[in-house]
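Raw data10.cif, mmCIF, C-alpha atoms:
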data_final
#
loop_
_atom_site.label_atom_id
_atom_site.label_comp_id
_atom_site.auth_asym_id
_atom_site.auth_seq_id
_atom_site.Cartn_x
_atom_site.Cartn_y
_atom_site.Cartn_z
CA MET O 1448 22.20 46.59 40.96
CA ALA O 1449 20.79 47.33 37.52
CA LEU O 1450 21.80 43.89 36.33
CA ASP O 1451 20.18 42.18 39.33
CA GLU O 1452 16.91 43.94 38.60
CA ALA O 1453 17.21 43.25 34.86
CA MET O 1454 17.69 39.54 35.54
CA LEU O 1455 14.68 39.46 37.86
CA LEU O 1456 12.50 41.17 35.24
CA LEU O 1457 13.69 38.78 32.54
CA LYS O 1458 13.16 35.81 34.84
CA GLU O 1459 9.62 37.02 35.46
CA GLU O 1460 9.08 36.99 31.69
CA GLY O 1461 10.46 33.46 31.53
CA LYS O 1462 13.36 34.59 29.38
CA ILE O 1463 16.30 33.36 31.45
CA PRO O 1464 17.08 30.21 33.43
CA ASN O 1465 17.48 30.15 37.20
CA THR O 1466 20.74 32.00 37.73
CA LEU O 1467 23.47 32.45 40.30
CA ARG O 1468 25.40 35.66 39.72
CA LEU O 1469 28.62 36.43 41.59
CA TYR O 1470 30.13 39.90 41.47
CA VAL O 1471 32.38 42.43 43.12
CA PHE O 1472 31.73 46.16 43.44
CA LYS O 1473 34.48 48.23 41.83
CA PRO O 1474 35.24 50.68 43.30
CA SER O 1475 34.07 49.84 46.83
CA ALA O 1476 30.50 51.06 47.29
CA ILE O 1477 27.58 51.19 49.66
CA SER O 1478 24.15 49.79 48.98
CA ILE O 1479 21.14 50.66 51.09
CA GLY O 1480 17.77 48.96 51.46
CA TYR O 1481 14.79 50.17 49.46
CA PHE O 1482 13.00 51.56 52.52
CA GLN O 1483 16.00 53.05 54.30
CA LYS O 1484 16.60 56.72 54.83
CA VAL O 1485 20.01 57.66 53.49
CA GLU O 1486 21.00 59.80 56.46
CA GLU O 1487 20.02 57.09 58.93
CA SER O 1488 21.84 54.26 57.20
CA VAL O 1489 25.13 55.80 56.10
CA ASN O 1490 27.48 58.41 57.47
CA LEU O 1491 27.08 60.86 54.59
CA GLU O 1492 29.91 63.14 55.67
CA VAL O 1493 32.48 60.35 55.65
CA VAL O 1494 31.03 58.75 52.53
CA SER O 1495 31.08 61.93 50.47
CA SER O 1496 34.50 63.03 51.69
CA MET O 1497 35.88 59.62 50.67
CA GLY O 1498 33.96 59.65 47.40
CA ILE O 1499 32.33 56.27 48.01
CA PRO O 1500 29.44 55.67 45.59
CA LEU O 1501 26.07 54.86 47.08
CA VAL O 1502 23.19 52.99 45.51
CA ARG O 1503 19.67 52.17 46.68
CA ARG O 1504 18.63 48.57 46.11
CA VAL O 1505 15.26 47.33 44.90
CA THR O 1506 15.31 44.98 47.88
CA GLY O 1507 14.61 45.92 51.46
CA GLY O 1508 17.01 45.29 54.32
CA GLY O 1509 19.91 47.29 55.69
CA SER O 1510 22.96 49.15 54.45
CA VAL O 1511 25.98 47.21 53.19
CA TYR O 1512 29.57 48.24 52.61
CA HIS O 1513 30.83 46.35 49.55
CA ASP O 1514 34.61 46.32 49.96
CA GLU O 1515 36.23 45.85 46.56
CA ASN O 1516 39.03 43.86 48.21
CA GLY O 1517 37.04 41.96 50.76
CA GLU O 1518 33.52 41.18 49.74
CA VAL O 1519 31.76 39.10 47.10
CA THR O 1520 28.09 39.67 46.34
CA TYR O 1521 25.86 36.83 45.21
CA SER O 1522 22.47 36.97 43.52
CA VAL O 1523 20.06 34.13 43.03
CA ILE O 1524 17.36 34.78 40.45
CA ALA O 1525 14.93 31.89 40.30
CA ASN O 1526 11.39 30.61 39.99
CA LEU O 1527 9.42 31.39 43.13
CA SER O 1528 7.74 27.98 42.99
CA GLU O 1529 11.05 26.21 43.59
CA PHE O 1530 11.50 27.76 47.04
CA PRO O 1531 9.49 27.64 50.26
CA LYS O 1532 6.57 30.05 50.31
CA ASP O 1533 7.42 31.21 53.80
CA ALA O 1534 9.81 34.16 53.54
CA ILE O 1535 12.16 33.08 56.32
CA GLU O 1536 12.26 29.47 55.10
CA SER O 1537 13.21 30.68 51.64
CA TYR O 1538 16.00 32.89 53.02
CA LYS O 1539 17.22 29.85 54.89
CA ALA O 1540 17.11 27.66 51.79
CA ILE O 1541 19.20 30.09 49.74
CA CYS O 1542 21.56 30.98 52.61
CA LYS O 1543 22.49 27.28 52.72
CA GLY O 1544 24.67 28.04 49.72
CA VAL O 1545 26.59 30.63 51.75
CA ILE O 1546 26.87 28.27 54.72
CA TYR O 1547 28.32 25.49 52.54
CA ALA O 1548 30.69 28.03 50.94
CA LEU O 1549 31.93 29.03 54.39
CA ALA O 1550 32.38 25.36 55.31
CA GLU O 1551 34.44 25.03 52.14
CA LEU O 1552 36.61 27.90 53.44
CA GLY O 1553 36.95 26.19 56.82
CA LEU O 1554 34.30 27.93 58.92
CA GLU O 1555 31.22 26.62 60.66
CA ALA O 1556 28.39 29.04 60.02
CA SER O 1557 24.70 29.04 60.82
CA PHE O 1558 21.55 30.79 59.68
CA ILE O 1559 19.85 33.18 62.06
CA PRO O 1560 16.41 34.44 61.05
CA ILE O 1561 15.48 36.64 59.40
CA ASN O 1562 18.33 36.90 56.92
CA ASP O 1563 21.72 36.57 58.62
CA VAL O 1564 24.51 34.03 58.37
CA VAL O 1565 26.75 34.14 61.43
CA VAL O 1566 30.09 32.69 62.50
CA ASN O 1567 30.84 32.61 66.23
CA GLY O 1568 27.82 34.81 66.87
CA ARG O 1569 28.84 37.52 64.41
CA LYS O 1570 27.27 38.34 61.09
CA ILE O 1571 29.40 37.39 58.09
CA SER O 1572 26.69 37.52 55.42
CA GLY O 1573 23.40 39.32 55.03
CA SER O 1574 20.77 38.79 52.35
CA ALA O 1575 17.79 40.60 50.91
CA GLN O 1576 14.96 39.23 48.84
CA LEU O 1577 12.44 40.65 46.44
CA ARG O 1578 9.53 38.66 45.08
CA LYS O 1579 7.55 39.14 41.93
CA ALA O 1580 4.49 37.11 40.94
CA SER O 1581 6.45 34.06 39.78
CA SER O 1582 10.10 34.76 40.53
CA LEU O 1583 12.45 35.91 43.21
CA LEU O 1584 15.72 37.75 43.55
CA GLN O 1585 17.83 37.17 46.61
CA HIS O 1586 21.15 38.92 46.80
CA GLY O 1587 23.59 39.03 49.64
CA THR O 1588 27.10 39.55 50.85
CA LEU O 1589 29.98 37.40 51.90
CA LEU O 1590 32.54 39.37 53.87
CA TYR O 1591 35.88 37.64 53.47
CA ASP O 1592 38.34 40.43 54.14
CA THR O 1593 36.27 43.59 54.44
CA ASP O 1594 37.86 46.53 56.22
CA LEU O 1595 35.57 46.39 59.25
CA GLU O 1596 36.91 49.58 60.76
CA LEU O 1597 35.98 51.46 57.62
CA LEU O 1598 32.64 49.65 57.48
CA GLY O 1599 31.96 50.87 61.01
CA LYS O 1600 32.77 54.43 59.94
CA VAL O 1601 30.67 54.57 56.78
CA LEU O 1602 27.55 52.69 57.86
CA ARG O 1603 25.11 53.98 60.39
CA VAL O 1604 22.68 51.99 62.49
CA PRO O 1605 19.74 53.53 64.33
CA SER O 1606 20.51 53.57 68.06
CA LEU O 1607 17.26 51.75 68.74
CA LYS O 1608 18.55 48.86 66.64
CA LEU O 1609 21.95 48.71 68.34
CA LYS O 1610 20.19 48.72 71.70
CA SER O 1611 18.00 45.82 70.65
CA HIS O 1612 21.13 43.83 69.77
CA GLY O 1613 22.73 44.82 73.08
CA ILE O 1614 25.80 46.33 71.43
CA SER O 1615 27.23 49.80 71.08
CA SER O 1616 28.61 49.68 67.54
CA ILE O 1617 28.15 47.86 64.27
CA TYR O 1618 31.81 46.77 64.45
CA GLU O 1619 30.98 44.39 67.31
CA ARG O 1620 28.28 42.65 65.33
CA VAL O 1621 30.08 41.76 62.10
CA THR O 1622 33.03 39.63 61.14
CA THR O 1623 34.95 38.38 58.11
CA VAL O 1624 36.42 35.08 56.96
CA SER O 1625 39.92 36.42 57.54
CA ARG O 1626 39.11 37.61 61.06
CA GLU O 1627 37.74 34.18 61.96
CA LEU O 1628 40.41 32.12 60.23
CA GLY O 1629 43.41 34.28 60.99
CA GLU O 1630 44.27 34.44 57.29
CA SER O 1631 42.43 35.68 54.24
CA PRO O 1632 41.42 33.48 51.35
CA SER O 1633 41.89 35.00 47.90
CA ARG O 1634 38.89 36.38 46.03
CA GLU O 1635 39.18 33.47 43.59
CA GLU O 1636 39.00 30.98 46.45
CA VAL O 1637 35.90 32.69 47.80
CA ILE O 1638 34.22 32.63 44.40
CA ALA O 1639 35.08 28.96 43.90
CA ALA O 1640 33.71 28.20 47.39
CA LEU O 1641 30.47 30.07 46.60
CA ILE O 1642 29.95 28.15 43.37
CA LYS O 1643 30.49 24.86 45.15
CA GLY O 1644 28.45 25.99 48.14
CA PHE O 1645 25.43 26.96 46.04
CA GLU O 1646 25.62 23.75 44.04
CA MET O 1647 25.44 21.82 47.30
CA GLY O 1648 22.98 24.12 49.05
CA LEU O 1649 20.54 24.30 46.17
CA GLY O 1650 21.17 20.78 44.91
CA VAL O 1651 21.96 21.96 41.39
CA LYS O 1652 24.78 21.72 38.88
CA LEU O 1653 25.78 25.19 37.73
CA LYS O 1654 26.95 25.99 34.24
CA GLU O 1655 29.00 29.13 33.64
CA GLU O 1656 27.59 31.47 31.02
CA ARG O 1657 28.17 34.99 29.80
CA LEU O 1658 25.59 37.74 30.05
CA THR O 1659 23.09 37.68 27.24
CA GLU O 1660 22.56 40.74 25.04
CA GLU O 1661 19.09 41.07 26.52
CA GLU O 1662 20.38 41.10 30.09
CA ARG O 1663 23.03 43.64 29.23
CA GLY O 1664 20.61 45.82 27.27
CA LEU O 1665 17.96 45.93 29.97
CA ALA O 1666 20.57 46.57 32.68
CA LEU O 1667 21.92 49.50 30.69
CA ARG O 1668 18.43 50.96 30.42
CA LEU O 1669 17.93 50.60 34.18
CA LEU O 1670 21.30 52.15 34.94
CA LYS O 1671 19.94 55.68 34.64
CA LYS O 1672 17.63 55.12 37.61
CA TYR O 1673 20.39 53.72 39.79
CA ARG O 1674 22.60 56.70 38.98
CA SER O 1675 19.92 59.26 39.79
CA ARG O 1676 19.76 61.25 42.97
CA GLU O 1677 16.00 60.98 42.81
CA TRP O 1678 16.20 57.20 43.30
CA ASN O 1679 19.12 57.01 45.69
CA PHE O 1680 17.89 59.80 47.96
CA MET O 1681 14.17 59.07 47.73
CA ARG O 1682 14.09 58.48 51.49
CA MET L 1030 2.09 75.71 61.49
CA SER L 1031 2.67 72.00 61.08
CA ILE L 1032 3.27 69.35 63.70
CA LYS L 1033 5.76 66.56 63.07
CA VAL L 1034 5.82 63.34 65.06
CA SER L 1035 8.01 60.30 64.53
CA LYS L 1036 7.63 56.82 66.01
CA GLN L 1037 9.93 53.85 65.72
CA LEU L 1038 10.16 50.25 66.76
CA LYS L 1039 12.66 47.40 66.71
CA ARG L 1040 11.69 44.12 68.26
CA PRO L 1041 14.29 41.46 69.12
CA GLY L 1042 14.65 39.26 66.05
CA GLY L 1043 12.67 41.75 64.00
CA LYS L 1044 13.51 44.69 61.80
CA TYR L 1045 13.56 48.43 62.32
CA LEU L 1046 10.52 50.51 61.38
CA LYS L 1047 10.13 54.28 61.51
CA VAL L 1048 7.09 56.36 60.79
CA GLU L 1049 7.20 60.13 60.37
CA LEU L 1050 3.98 62.03 60.22
CA GLU L 1051 3.40 65.69 59.48
CA VAL L 1052 0.04 67.29 60.11
CA ALA L 1053 -1.11 70.85 59.39
CA LYS L 1054 -4.52 72.50 59.59
CA GLY L 1055 -6.20 69.21 60.48
CA ARG L 1056 -4.82 67.37 57.48
CA ILE L 1057 -1.92 64.99 56.94
CA VAL L 1058 0.80 66.74 54.97
CA LYS L 1059 3.24 63.86 54.77
CA LEU L 1060 3.69 60.29 55.90
CA LYS L 1061 7.13 58.69 55.58
CA ILE L 1062 7.73 55.03 56.27
CA SER L 1063 11.32 53.82 56.50
CA GLY L 1064 13.53 51.11 57.95
CA ASP L 1065 15.43 47.94 57.14
CA PHE L 1066 12.39 45.69 56.89
CA PHE L 1067 11.11 43.92 53.77
CA ALA L 1068 7.77 44.59 52.14
CA TYR L 1069 6.43 43.64 48.77
CA PRO L 1070 5.25 44.79 46.41
CA SER L 1071 7.38 47.73 47.55
CA HIS L 1072 5.70 50.33 45.33
CA LEU L 1073 2.47 49.82 47.30
CA LEU L 1074 4.09 51.29 50.37
CA ASP L 1075 5.08 54.32 48.28
CA MET L 1076 1.50 54.51 47.07
CA LEU L 1077 0.17 54.34 50.61
CA GLU L 1078 2.41 57.28 51.58
CA LYS L 1079 1.04 59.30 48.69
CA GLU L 1080 -2.56 58.36 49.33
CA VAL L 1081 -2.42 59.37 52.97
CA ALA L 1082 -1.17 62.85 52.12
CA GLY L 1083 -4.06 65.32 52.17
CA VAL L 1084 -6.33 63.07 54.21
CA ARG L 1085 -8.05 64.51 57.31
CA ALA L 1086 -6.01 63.86 60.43
CA GLU L 1087 -8.54 61.74 62.27
CA ARG L 1088 -8.17 58.17 63.44
CA GLU L 1089 -11.15 56.53 61.80
CA GLY L 1090 -10.47 57.66 58.24
CA VAL L 1091 -6.75 57.01 58.41
CA GLU L 1092 -7.30 53.56 59.90
CA ARG L 1093 -9.81 52.74 57.18
CA LEU L 1094 -7.39 53.84 54.49
CA LEU L 1095 -4.55 51.80 55.98
CA GLU L 1096 -6.77 48.73 56.18
CA THR L 1097 -7.30 48.79 52.41
CA TYR L 1098 -3.60 47.88 52.07
CA LYS L 1099 -3.62 45.10 54.63
CA ASP L 1100 -4.11 42.15 52.28
CA LYS L 1101 -2.09 43.57 49.42
CA LEU L 1102 1.21 43.97 51.25
CA GLU L 1103 3.45 41.26 52.61
CA PHE L 1104 5.83 42.31 55.37
CA VAL L 1105 8.90 40.50 56.65
CA GLY L 1106 10.62 41.65 59.84
CA VAL L 1107 7.74 43.90 60.88
CA SER L 1108 3.99 43.47 60.47
CA PHE L 1109 1.14 45.44 59.01
CA GLU L 1110 -0.19 45.79 62.56
CA ASP L 1111 3.14 47.35 63.63
CA LEU L 1112 2.87 49.89 60.86
CA LYS L 1113 -0.74 50.70 61.67
CA ARG L 1114 0.00 51.06 65.35
CA LEU L 1115 2.89 53.47 64.76
CA VAL L 1116 0.91 55.59 62.32
CA LEU L 1117 -2.07 55.80 64.66
CA GLU L 1118 0.14 56.56 67.66
CA ALA L 1119 1.86 59.33 65.74
CA LEU L 1120 -1.51 60.64 64.59
CA LYS L 1121 -2.84 60.65 68.14
CA GLU L 1122 0.12 62.74 69.25
CA THR L 1123 -0.31 65.27 66.48
CA ILE L 1124 -3.98 65.66 67.40
CA SER L 1125 -3.38 66.03 71.12
CA THR L 1126 -0.47 68.46 70.65
#

Render the structure in this file as structure tokens.
Amino acid sequence: MALDEAMLLLKEEGKIPNTLRLYVFKPSAISIGYFQKVEESVNLEVVSSMGIPLVRRVTGGGSVYHDENGEVTYSVIANLSEFPKDAIESYKAICKGVIYALAELGLEASFIPINDVVVNGRKISGSAQLRKASSLLQHGTLLYDTDLELLGKVLRVPSLKLKSHGISSIYERVTTVSRELGESPSREEVIAALIKGFEMGLGVKLKEERLTEEERGLALRLLKKYRSREWNFMR
Amino acid sequence: MSIKVSKQLKRPGGKYLKVELEVAKGRIVKLKISGDFFAYPSHLLDMLEKEVAGVRAEREGVERLLETYKDKLEFVGVSFEDLKRLVLEALKETIST
């Protein structure tokens, strides 16, 4: 999370190129949206008894369970001017990368506004975006083999929201690549599919690079905030 | 003694928004805005919460204060009007209680 924010800040200063970052949370963790209340978005009892770390994002949106063995997170940090001004259109433009990645893995997926990618009517990827004056950060999930039962136990959804989706639990609304395909791709296959998917979706050729000293340094300075109770429990 | 009122909304295809308002002795003690919506710049919503605290609990002044944020905030998944409506509804309940 610190690195995502660091990259956005450096992008805003014009110090880094447009970037796709792919990463995995280790150990498994939960991220919640900037405006969410902790006790409404996660089951704190289960989370603390299992020792699952929790972090508040700079982006809005809902809570996510990042399964170390079943989820890859992507971040796109780019110039705002290169994407549609309309928020939903820009989600759609970036989510194309995820949709092509899923096609690469053998699944037909589609974008459902505001920020969901679904397969057979179930959410397989969610994204969240933050905009600065001249740049944007969009990060999101790709659930390839997430333990959905555990996800259902650790995340909480306001009953008003479940009612509006016409379902009784979060478990009914989400899916994974392995659930849809009947077999799980490896993490490496998912990462390769995401790289190819984003190249196609964004119409770019990606070049693999290591973190710069500046990115690492700024992320380390931001780390303190993301580790603080003050930040994570601010709502 | 303080009065606490919370209001929430979730429209089909939209995001979840919750407003919690606490009023005591005719003044707003606390306003908390939460949900899984998007709003930027996000710190402005934090600022709005802080600015509302201490303000007299009457519709006109609160509405005027909220309006000063209207053009500065961009919402996705909910609207500024949604937020205003929930705050004013909550306020109305605290006054009539």

Give me, as a PyMOL selection string, the contact residues of chain O against chain L at a cut-off of 12 Å, counting only C-alpha atoms. chain O and resi 1479-1488+1504-1511+1532-1538+1559-1563+1573-1580+1583+1585+1603-1613+1681-1682

Which residues, written as a ChimeraX atom specification, have at least one atom at most 7 Å from O:Leu1469, with all atoms listed in the file counted and residues fewer than 4 positions away on the same chain left out? /O:1519-1522

Hey, what's within 6 Å of stretch 1626-1642 of chain O if we count only C-alpha atoms and toss same-chain stuff fewer than 2 positions away? As a PyMOL selection string, please? chain O and resi 1548+1551+1623-1624+1644-1645

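From atom CA of L:Phe1109 back to atom CA of O:Arg1676, the distance works out to 29.2 Å.
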
Could you expand the PyMOL selection byres ((chain O and resi 1461) around 12) into the explicit residues it covers here, written as a ChimeraX atom specification? /O:1454-1460,1462-1465,1524-1527,1580-1582

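Among the candidates O:Ile1617, O:Leu1501, O:Ala1540, O:Val1566, the one nearest to O:Pro1474 when counting all atoms listed in the file is O:Leu1501.
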
With all atoms listed in the file as the counted atoms, please give the residues lying no more than 12 Å from L:Ile1032, apart from itself and same-chain residues fewer than 4 positions off, as number ranges by chain. L: 1049-1060, 1086, 1119-1126

List the spatial neighbours of L:Val1081 as a ChimeraX atom specification - criterion: any atom at most 9 Å away, all atoms listed in the file, same-chain residues fewer than 2 positions off excluded. /L:1057-1060,1076-1079,1083-1085,1091,1094-1095

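Atom pair atom CA of O:Glu1555 / atom CA of O:Asn1567: separated by 8.2 Å.
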
What does the distance between atom CA of O:Lys1654 and atom CA of O:Glu1515 come to in Å, to one decimal place? 25.1 Å

Go through O:His1586, O:Arg1674, O:Arg1620, O:Lys1600 one by one, measure the shortest atom-to-atom distance of each to O:Thr1466 using only C-alpha atoms, and give the residue with the smallest value. O:His1586

Reference answer for the PyMOL selection byres ((chain O and resi 1590-1593) around 6), as a PDB file with C-alpha atoms, in the frame of the given file:
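This went into out10.pdb:
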ATOM      1  CA  ASP O1514      34.610  46.320  49.960  1.00  0.00           C
ATOM      2  CA  GLY O1517      37.040  41.960  50.760  1.00  0.00           C
ATOM      3  CA  GLU O1518      33.520  41.180  49.740  1.00  0.00           C
ATOM      4  CA  ILE O1571      29.400  37.390  58.090  1.00  0.00           C
ATOM      5  CA  LEU O1589      29.980  37.400  51.900  1.00  0.00           C
ATOM      6  CA  ASP O1594      37.860  46.530  56.220  1.00  0.00           C
ATOM      7  CA  LEU O1595      35.570  46.390  59.250  1.00  0.00           C
ATOM      8  CA  THR O1623      34.950  38.380  58.110  1.00  0.00           C
ATOM      9  CA  VAL O1624      36.420  35.080  56.960  1.00  0.00           C
ATOM     10  CA  SER O1625      39.920  36.420  57.540  1.00  0.00           C
TER      11      SER O1625
END

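The residue that comes closest to O:Lys1652, out of O:Leu1450, O:Val1565, O:Ile1614, O:Leu1467 and on the basis of all atoms listed in the file, is O:Leu1467.
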
Please list as a PyMOL selection string every residue within 12 Å of O:Met1497, counting all atoms listed in the file and excluding residues in the same chain fewer than 3 positions away. chain O and resi 1474-1477+1490-1494+1500-1501+1597+1600-1601
